[in-house]
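What's in protein.csv: CSV, C-alpha atoms and all ligand atoms
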chain,number,residue,atom,x,y,z
A,1390,MET,CA,15.9,4.9,10.8
A,1391,LYS,CA,12.4,3.9,9.7
A,1392,PHE,CA,10.9,0.5,10.0
A,1393,ASP,CA,10.5,-1.3,6.8
A,1394,THR,CA,8.8,-4.1,8.7
A,1395,ALA,CA,8.0,-5.0,12.3
A,1396,TYR,CA,7.7,-8.3,14.0
A,1397,SER,CA,4.0,-9.2,14.7
A,1398,LEU,CA,3.7,-11.1,17.9
A,1399,SER,CA,0.4,-12.6,17.0
A,1400,LEU,CA,1.4,-13.8,13.6
A,1401,ASP,CA,5.0,-14.6,14.5
A,1402,ASP,CA,6.2,-13.0,11.3
A,1403,LYS,CA,7.5,-9.8,9.9
A,1404,LEU,CA,5.0,-7.5,8.3
A,1405,SER,CA,5.1,-4.2,6.5
A,1406,ILE,CA,2.7,-1.5,7.6
A,1407,TYR,CA,0.8,-2.2,4.3
A,1408,ASP,CA,0.4,-5.8,5.4
A,1409,VAL,CA,-1.0,-4.6,8.6
A,1410,ARG,CA,-3.6,-2.4,6.8
A,1411,GLU,CA,-4.5,-5.4,4.6
A,1412,LEU,CA,-5.1,-7.5,7.7
A,1413,ASN,CA,-7.1,-4.9,9.4
A,1414,PHE,CA,-9.5,-4.4,6.5
A,1415,ASP,CA,-9.8,-8.0,5.5
A,1416,GLU,CA,-13.3,-9.2,6.6
A,1417,THR,CA,-12.6,-12.9,6.0
A,1418,ALA,CA,-10.2,-13.3,8.9
A,1419,ALA,CA,-10.2,-11.8,12.3
A,1420,TYR,CA,-7.4,-9.3,12.9
A,1421,ASP,CA,-7.0,-6.1,14.8
A,1422,SER,CA,-3.6,-4.4,14.9
A,1423,GLU,CA,-4.5,-2.7,18.2
A,1424,GLN,CA,-4.7,-6.1,19.8
A,1425,ASP,CA,-1.4,-7.2,18.3
A,1426,SER,CA,2.1,-6.2,19.4
A,1427,PHE,CA,4.8,-5.0,17.0
A,1428,LEU,CA,8.4,-5.5,18.0
A,1429,CYS,CA,11.7,-4.6,16.5
A,1430,PRO,CA,12.3,-6.6,13.3
A,1431,ASN,CA,16.0,-7.0,14.2
A,1432,ASP,CA,16.0,-10.5,15.7
A,1433,ALA,CA,18.9,-9.8,18.0
A,1434,CYS,CA,17.4,-6.6,19.3
A,1435,ARG,CA,14.0,-8.1,19.8
A,1436,GLY,CA,15.5,-11.1,21.7
A,1437,ALA,CA,17.1,-8.7,24.2
A,1438,PHE,CA,13.9,-7.4,25.5
A,1439,ASP,CA,10.6,-8.7,26.6
A,1440,THR,CA,7.5,-8.5,24.4
A,1441,GLY,CA,6.3,-5.4,26.1
A,1442,ASN,CA,9.0,-3.4,24.3
A,1443,ALA,CA,6.7,-2.6,21.4
A,1444,LEU,CA,6.4,-0.2,18.6
A,1445,GLY,CA,3.5,2.0,17.6
A,1446,THR,CA,1.7,2.2,14.3
A,1447,PHE,CA,0.5,5.2,12.3
A,1448,ASN,CA,-2.3,5.0,9.8
A,1449,ALA,CA,-2.7,1.3,10.3
A,1450,LYS,CA,-6.5,1.6,10.5
A,1451,ASN,CA,-7.3,4.8,8.7
A,1452,VAL,CA,-9.1,4.0,5.4
A,1453,ASN,CA,-8.5,7.5,3.9
A,1454,TYR,CA,-5.0,8.3,5.0
A,1455,VAL,CA,-3.0,11.2,3.8
A,1456,ARG,CA,0.4,10.8,5.4
A,1457,THR,CA,2.5,7.8,4.8
A,1458,PRO,CA,1.7,4.9,7.1
A,1459,HIS,CA,4.5,3.6,9.3
A,1460,PHE,CA,5.7,1.9,12.4
A,1461,LYS,CA,7.2,4.2,14.9
A,1462,ASN,CA,9.2,4.1,18.1
A,1463,LYS,CA,7.2,4.9,21.2
A,1464,THR,CA,8.9,7.1,23.8
A,1465,SER,CA,9.4,3.9,25.8
A,1466,THR,CA,10.7,1.7,23.0
A,1467,ARG,CA,14.3,0.6,23.5
A,1468,HIS,CA,16.8,-1.0,21.1
A,1469,ILE,CA,20.2,-2.6,21.7
A,1470,GLU,CA,23.2,-0.6,20.9
A,1471,GLY,CA,24.0,-0.9,17.2
A,1472,CYS,CA,20.4,-1.8,16.2
A,1473,ARG,CA,19.8,0.0,12.9
A,1474,TYR,CA,16.3,0.8,14.0
A,1475,ALA,CA,17.4,2.8,17.0
A,1476,SER,CA,16.3,6.3,16.2
A,1477,THR,CA,18.9,9.0,16.3
A,1478,HIS,CA,16.4,11.6,15.2
A,1479,LYS,CA,14.9,14.1,17.4
A,1480,ALA,CA,11.2,13.8,17.5
A,1481,ALA,CA,10.6,16.8,15.2
A,1482,ALA,CA,13.0,15.6,12.5
A,1483,GLY,CA,11.5,12.1,12.7
A,1484,GLU,CA,8.0,13.5,12.0
A,1485,ASN,CA,9.2,15.1,8.8
A,1486,ASP,CA,10.9,11.9,7.6
A,1487,ASP,CA,7.8,9.9,8.0
A,1488,GLU,CA,6.1,11.8,5.2
A,1489,ARG,CA,8.1,9.9,2.6
A,1490,GLU,CA,8.1,6.2,1.9
A,1491,ASP,CA,11.7,5.3,1.4
A,1492,ASN,CA,11.4,1.5,1.5
A,1493,PHE,CA,11.0,0.8,-2.2
A,1494,PRO,CA,10.1,-2.8,-2.8
A,1495,SER,CA,11.8,-4.1,-5.9
A,1496,GLU,CA,9.0,-6.4,-6.8
A,1497,TRP,CA,5.2,-6.1,-6.6
A,1498,VAL,CA,3.8,-9.6,-6.4
A,1499,LEU,CA,0.4,-9.8,-8.0
A,1500,THR,CA,-0.8,-12.7,-5.9
A,1501,ARG,CA,-1.9,-12.0,-2.4
A,1502,ARG,CA,0.4,-12.8,0.5
A,1503,GLN,CA,-0.9,-15.5,2.9
A,1504,TYR,CA,-0.8,-14.6,6.6
A,1505,PRO,CA,-0.9,-17.9,8.4
A,1506,ARG,CA,-2.0,-17.7,12.0
A,1507,LYS,CA,0.2,-19.3,14.7
A,1508,PRO,CA,-1.1,-22.8,15.3
A,1509,ALA,CA,-1.3,-22.3,19.1
A,1510,PRO,CA,-0.2,-19.6,21.4
A,1511,ALA,CA,3.3,-20.5,22.7
A,1512,GLY,CA,3.2,-21.2,26.4
A,1513,THR,CA,5.3,-18.5,27.9
A,1514,GLU,CA,6.6,-20.7,30.7
A,1515,GLY,CA,7.4,-23.6,28.4
A,1516,SER,CA,9.3,-21.7,25.8
A,1517,LEU,CA,11.2,-19.4,28.1
A,1518,PRO,CA,14.3,-21.5,28.8
A,1519,GLN,CA,14.6,-22.4,25.1
A,1520,ALA,CA,14.2,-18.7,24.1
A,1521,HIS,CA,16.9,-17.7,26.6
A,1522,THR,CA,19.5,-19.7,24.8
A,1523,LYS,CA,19.0,-17.6,21.7
A,1524,VAL,CA,18.9,-14.2,23.5
A,1525,PRO,CA,22.1,-12.3,22.9
A,1526,SER,CA,23.4,-9.8,25.4
A,1527,PRO,CA,22.6,-6.2,24.6
A,1528,GLN,CA,26.3,-5.8,23.6
A,1529,ALA,CA,26.1,-8.5,21.0
A,1530,THR,CA,26.9,-7.6,17.4
A,1531,PRO,CA,23.7,-6.6,15.7
A,1532,SER,CA,22.4,-9.1,13.2
A,1533,HIS,CA,23.1,-8.4,9.6
A,1534,GLY,CA,21.0,-11.3,8.4
A,1535,ALA,CA,18.9,-10.8,5.3
A,1536,SER,CA,15.8,-11.2,7.4
A,1537,ASP,CA,16.0,-7.8,9.1
A,1538,HIS,CA,16.6,-5.9,5.9
A,1539,THR,CA,14.2,-4.1,3.7
A,1540,PRO,CA,11.8,-6.6,2.2
A,1541,ASP,CA,12.3,-6.9,-1.5
A,1542,LYS,CA,8.8,-7.8,-2.3
A,1543,THR,CA,5.4,-6.6,-1.5
A,1544,SER,CA,2.0,-8.0,-2.5
A,1545,VAL,CA,0.2,-4.9,-1.5
A,1546,PHE,CA,-0.5,-2.3,-4.3
A,1547,ALA,CA,-0.6,0.5,-1.8
A,1548,HIS,CA,3.1,0.1,-1.1
A,1549,PRO,CA,4.6,0.9,-4.5
A,1550,VAL,CA,1.9,3.6,-5.0
A,1551,GLU,CA,2.9,5.2,-1.7
A,1552,CYS,CA,6.6,5.1,-2.9
A,1553,TYR,CA,5.6,6.8,-6.1
A,1554,VAL,CA,3.2,9.4,-4.6
A,1555,SER,CA,5.3,10.4,-1.6
A,1556,ASN,CA,8.4,10.8,-3.8
A,1557,ILE,CA,6.8,12.4,-6.9
A,1558,ASP,CA,9.0,15.5,-6.5
A,1559,ASP,CA,12.1,13.3,-6.5
A,1560,LYS,CA,12.3,12.1,-10.1
A,1561,ASP,CA,15.9,11.0,-9.8
A,1562,THR,CA,15.0,8.5,-7.2
A,1563,LEU,CA,11.9,7.3,-9.1
A,1564,LYS,CA,14.0,6.9,-12.2
A,1565,ARG,CA,16.7,5.0,-10.3
A,1566,MET,CA,14.6,2.6,-8.2
A,1567,PRO,CA,13.8,-0.7,-10.0
A,1568,LEU,CA,10.4,-2.3,-9.9
A,1569,LYS,CA,9.3,-5.8,-11.1
A,1570,ILE,CA,5.7,-6.6,-11.9
A,1571,GLY,CA,5.0,-10.0,-13.3
A,1572,ASP,CA,7.7,-10.7,-15.9
A,1573,HIS,CA,8.5,-7.1,-16.5
A,1574,THR,CA,11.2,-5.0,-14.8
A,1575,ALA,CA,11.4,-1.3,-15.2
A,1576,THR,CA,11.8,1.7,-12.9
A,1577,TYR,CA,9.1,3.2,-10.7
A,1578,TRP,CA,9.1,6.2,-13.0
A,1579,ALA,CA,8.5,4.0,-16.1
A,1580,PHE,CA,5.8,1.9,-14.5
A,1581,PHE,CA,3.5,4.8,-13.5
A,1582,LYS,CA,1.8,6.3,-16.5
A,1583,LYS,CA,-0.5,9.3,-16.5
A,1584,ILE,CA,-4.0,8.3,-17.8
A,1585,GLU,CA,-3.9,10.7,-20.7
A,1586,TYR,CA,-0.9,8.7,-22.2
A,1587,LEU,CA,-2.4,5.3,-21.7
A,1588,GLN,CA,-2.1,4.5,-25.4
A,1589,ASP,CA,1.7,4.6,-25.1
A,1590,ASN,CA,2.0,1.2,-23.6
A,1591,LYS,CA,0.0,-1.6,-22.0
A,1592,GLY,CA,0.6,-3.3,-18.7
A,1593,LEU,CA,1.4,-0.2,-16.7
A,1594,ILE,CA,0.0,1.4,-13.6
A,1595,TYR,CA,-2.2,4.1,-14.9
A,1596,TRP,CA,-3.2,7.0,-12.8
A,1597,GLY,CA,-4.9,10.4,-13.0
A,1598,LYS,CA,-7.0,13.0,-11.2
A,1599,ILE,CA,-10.6,12.0,-10.7
A,1600,LYS,CA,-13.2,14.2,-12.2
A,1601,ALA,CA,-16.2,12.5,-10.8
A,1602,ILE,CA,-17.2,9.2,-9.2
A,1603,LYS,CA,-20.7,8.1,-10.3
A,1604,ASP,CA,-22.3,6.2,-7.5
A,1605,TYR,CA,-24.9,3.7,-8.8
A,1606,THR,CA,-25.4,2.5,-5.3
A,1607,SER,CA,-23.9,-1.0,-5.8
A,1608,SER,CA,-21.6,-0.2,-8.7
A,1609,PHE,CA,-19.4,2.8,-9.5
A,1610,ARG,CA,-17.8,4.6,-12.4
A,1611,ILE,CA,-14.7,6.6,-12.0
A,1612,ASP,CA,-14.3,9.4,-14.5
A,1613,PHE,CA,-10.9,10.9,-15.1
A,1614,GLU,CA,-10.3,14.6,-15.6
A,1615,LYS,CA,-7.8,14.3,-18.4
A,1616,LYS,CA,-8.8,13.2,-21.8
A,1617,VAL,CA,-7.1,10.8,-24.2
A,1618,TRP,CA,-6.3,12.1,-27.7
A,1619,HIS,CA,-7.0,9.6,-30.5
A,1620,ASP,CA,-7.2,10.5,-34.2
A,1621,LYS,CA,-7.0,14.1,-33.3
A,1622,LYS,CA,-10.1,14.0,-31.1
A,1623,PRO,CA,-10.3,14.0,-27.3
A,1624,TYR,CA,-12.1,11.2,-25.5
A,1625,SER,CA,-13.2,10.8,-21.9
A,1626,VAL,CA,-11.6,8.0,-19.8
A,1627,ASN,CA,-13.3,6.0,-17.1
A,1628,VAL,CA,-13.1,2.7,-15.2
A,1629,TYR,CA,-16.1,0.8,-14.1
A,1630,LEU,CA,-16.5,-1.2,-10.9
A,1631,SER,CA,-19.2,-3.8,-11.0
A,1632,LYS,CA,-21.5,-4.8,-8.2
A,1633,LYS,CA,-20.3,-8.4,-8.4
A,1634,LEU,CA,-16.7,-7.3,-8.1
A,1635,ILE,CA,-17.4,-5.2,-5.0
A,1636,ASP,CA,-19.7,-7.7,-3.3
A,1637,ASN,CA,-17.1,-10.4,-3.5
A,1638,TYR,CA,-14.3,-8.2,-2.2
A,1639,ARG,CA,-12.9,-9.3,1.1
A,1640,LYS,CA,-12.3,-5.7,2.0
A,1641,ARG,CA,-15.8,-4.7,0.9
A,1642,THR,CA,-16.8,-2.5,3.9
A,1643,ALA,CA,-13.6,-0.5,3.9
A,1644,PHE,CA,-13.7,-0.1,0.1
A,1645,LEU,CA,-17.4,1.1,0.2
A,1646,GLU,CA,-16.5,3.5,3.0
A,1647,GLN,CA,-13.7,4.9,1.0
A,1648,ILE,CA,-15.3,5.2,-2.4
A,1649,LYS,CA,-18.5,6.7,-1.0
A,1650,ALA,CA,-16.5,9.3,0.9
A,1651,ALA,CA,-14.5,9.9,-2.3
A,1652,ALA,CA,-17.7,10.4,-4.4
A,1653,SER,CA,-18.9,13.2,-2.2
A,1654,SER,CA,-15.4,14.7,-1.4
A,1655,GLU,CA,-14.5,18.2,-2.3
A,1656,ARG,CA,-10.8,17.4,-2.2
A,1657,SER,CA,-8.6,16.4,-5.1
A,1658,LEU,CA,-8.4,12.7,-5.5
A,1659,TYR,CA,-6.5,10.4,-7.7
A,1660,CYS,CA,-7.1,6.9,-9.0
A,1661,PHE,CA,-4.3,4.4,-9.6
A,1662,PHE,CA,-5.0,1.0,-11.2
A,1663,TYR,CA,-3.2,-1.9,-12.8
A,1664,GLY,CA,-4.2,-4.9,-14.8
A,1665,VAL,CA,-6.5,-3.4,-17.4
A,1666,THR,CA,-6.0,-0.8,-20.1
A,1667,PRO,CA,-9.0,1.4,-21.1
A,1668,GLU,CA,-9.9,1.0,-24.7
A,1669,LEU,CA,-12.0,2.9,-27.1
A,1670,LYS,CA,-15.6,1.8,-27.0
A,1671,GLN,CA,-18.8,3.1,-28.5
A,1672,VAL,CA,-21.5,3.6,-25.9
A,1673,PRO,CA,-25.2,4.7,-26.4
A,1674,SER,CA,-25.9,8.3,-25.6
A,1675,LYS,CA,-28.3,8.8,-22.7
A,1676,LYS,CA,-30.2,11.6,-24.3
A,1677,ASN,CA,-30.5,9.8,-27.6
A,1678,PRO,CA,-30.0,6.1,-27.4
A,1679,GLU,CA,-29.9,5.8,-31.2
A,1680,GLN,CA,-26.6,7.7,-31.1
A,1681,THR,CA,-23.4,6.4,-29.7
A,1682,PHE,CA,-20.2,8.2,-28.6
A,1683,GLY,CA,-16.7,7.1,-28.0
A,1684,VAL,CA,-15.1,6.7,-24.6
A,1685,PHE,CA,-11.9,5.0,-23.4
A,1686,SER,CA,-13.2,2.6,-20.7
A,1687,ALA,CA,-12.2,-0.5,-18.8
A,1688,ASN,CA,-13.9,-2.8,-16.3
A,1689,ILE,CA,-11.7,-3.2,-13.3
A,1690,GLU,CA,-11.1,-6.9,-12.6
A,1691,ASN,CA,-9.3,-6.9,-9.3
A,1692,LEU,CA,-10.0,-4.3,-6.5
A,1693,ASP,CA,-6.7,-5.2,-5.0
A,1694,HIS,CA,-5.1,-3.4,-7.9
A,1695,LEU,CA,-7.1,-0.2,-7.6
A,1696,ILE,CA,-6.5,2.7,-5.3
A,1697,ILE,CA,-8.3,6.0,-4.7
A,1698,ARG,CA,-6.4,8.5,-2.7
A,1699,GLU,CA,-5.1,12.0,-2.1
A,1700,ALA,CA,-1.7,12.8,-3.6
A,1701,PRO,CA,-0.7,16.2,-2.1
A,1702,ARG,CA,2.7,16.5,-3.8
A,1703,VAL,CA,1.3,15.8,-7.3
A,1704,GLU,CA,-0.4,19.2,-7.3
B,1801,ZN,ZN,15.9,-2.7,17.5
Take the structure in this file and express it as structure tokens.
Ligand SMILES: [Zn+2]
Amino acid sequence: MKFDTAYSLSLDDKLSIYDVRELNFDETAAYDSEQDSFLCPNDACRGAFDTGNALGTFNAKNVNYVRTPHFKNKTSTRHIEGCRYASTHKAAAGENDDEREDNFPSEWVLTRRQYPRKPAPAGTEGSLPQAHTKVPSPQATPSHGASDHTPDKTSVFAHPVECYVSNIDDKDTLKRMPLKIGDHTATYWAFFKKIEYLQDNKGLIYWGKIKAIKDYTSSFRIDFEKKVWHDKKPYSVNVYLSKKLIDNYRKRTAFLEQIKAAASSERSLYCFFYGVTPELKQVPSKKNPEQTFGVFSANIENLDHLIIREAPRVE
């Protein structure tokens, strides 16, 4: 059983691994997942052990991750009998399972989740008797409350993208799993649109292989490999990231590290974005400014809705 969420001791709330990544890279609020403790999200199970019975994290702080991020049991992690997070896998089988994201959120919320900090650290002595009254015995029936089940919503773009990319070879699942974005509900399969077909529909998640990333030091242009056919002619597609957009981004350092590494990378990289649809524009030719040429282009408006990453199964 994989962890869809884990209980964060410092935030006193359940977080997905994508929330943890958000928090780690956010420069506007102090957070370090290595200083936090993640416990079983099953309230009954967590209550049965002390706070030292923690989980590990994988890819919580790696900007350019390849394998699906996740929480994991440590060799010392214990669960009560019947806890659905108690791993029955052998270590080797568990490793394979972790390559796929199988917690599909049914809604991607476009506004950012707030992560309120605990007002004051709970005094361990003071809260202990009270806490004890809630602690069930390890034999207690495991909780089936809604709170320990897969979260229906995520506000982190990386989560639905990971679902799509890590299951790209499983079309049946992608065509079955529902996804809501804003007022629209479709399947994962329908929401992700290859960049060369961007004229088919607006308001989708467009994605494609990156041909080049033009680094203008403080702004960037991402060129896609595939072209769009329009009136029987092929046109290049790109998205532009302005200096202002990047400078005001709360994850600026992590983003710059990522895009600069991507710009000089030899590996196959893909760009996913949402919120804008590239449109045909006439731009002046560099060689001959009198002349213009057509290109499908868009200015990215929200860096939370753009991802550059590897996608091994796509190839
Ligand atoms: Zn548990």
Self-check item: Closest of A:Phe1427, A:Phe1414, A:Phe1609, A:Phe1662 to ligand ZN 1801 (chain B) - atom-to-atom distances counting all atoms listed in the file
Solution: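 With all atoms listed in the file as the atom set, the closest residue is A:Phe1427.
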Quiz item: Could you list, as an MDAnalysis selection string, all the residues within 9 Å of ligand ZN 1801 (chain B), counting only C-alpha atoms and all ligand atoms?
Solution: chainID A and resid 1428:1435 1466:1475 1531
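For stretch 1567-1583 of chain A, the residues within 6 Å (counting only C-alpha atoms, excluding itself and residues fewer than 3 positions away along the chain) are Ser1495, Glu1496, Trp1497, Leu1563, Lys1564, Tyr1586, Leu1593, Ile1594, Tyr1595, Trp1596 and Gly1597 of chain A.
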Exercise. Might you pull out every residue within 10 Å of A:Thr1417, with all atoms listed in the file counted and same-chain residues fewer than 2 positions away left off, and present them as a PyMOL selection string?
Key: chain A and resi 1412+1414-1415+1419-1420+1638-1640
Quiz prompt | Nearest to A:Arg1702, chosen from A:Ser1657, A:Asn1688, A:Asn1453, A:Thr1464, with all atoms listed in the file counted in the distances | solution = A:Ser1657
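Of the residues under consideration (A:Ser1625, A:Ile1697, A:Asn1413, A:Arg1501), A:Ser1625 shows the shortest atom-to-atom contact distance to A:Val1672 when counting all atoms listed in the file.
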Self-check item: Shortest interatomic distance to A:Ser1397 - which of A:Phe1447, A:Arg1506, A:Lys1463, A:Lys1542, counting all atoms listed in the file
Solution: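 Ranking A:Phe1447, A:Arg1506, A:Lys1463, A:Lys1542 by distance to A:Ser1397, first place goes to A:Arg1506.
Among the candidates A:Lys1622, A:Lys1591, A:Arg1489, A:Lys1603, the residue lying nearest to A:Asp1558 is A:Arg1489 (atoms considered: all atoms listed in the file).
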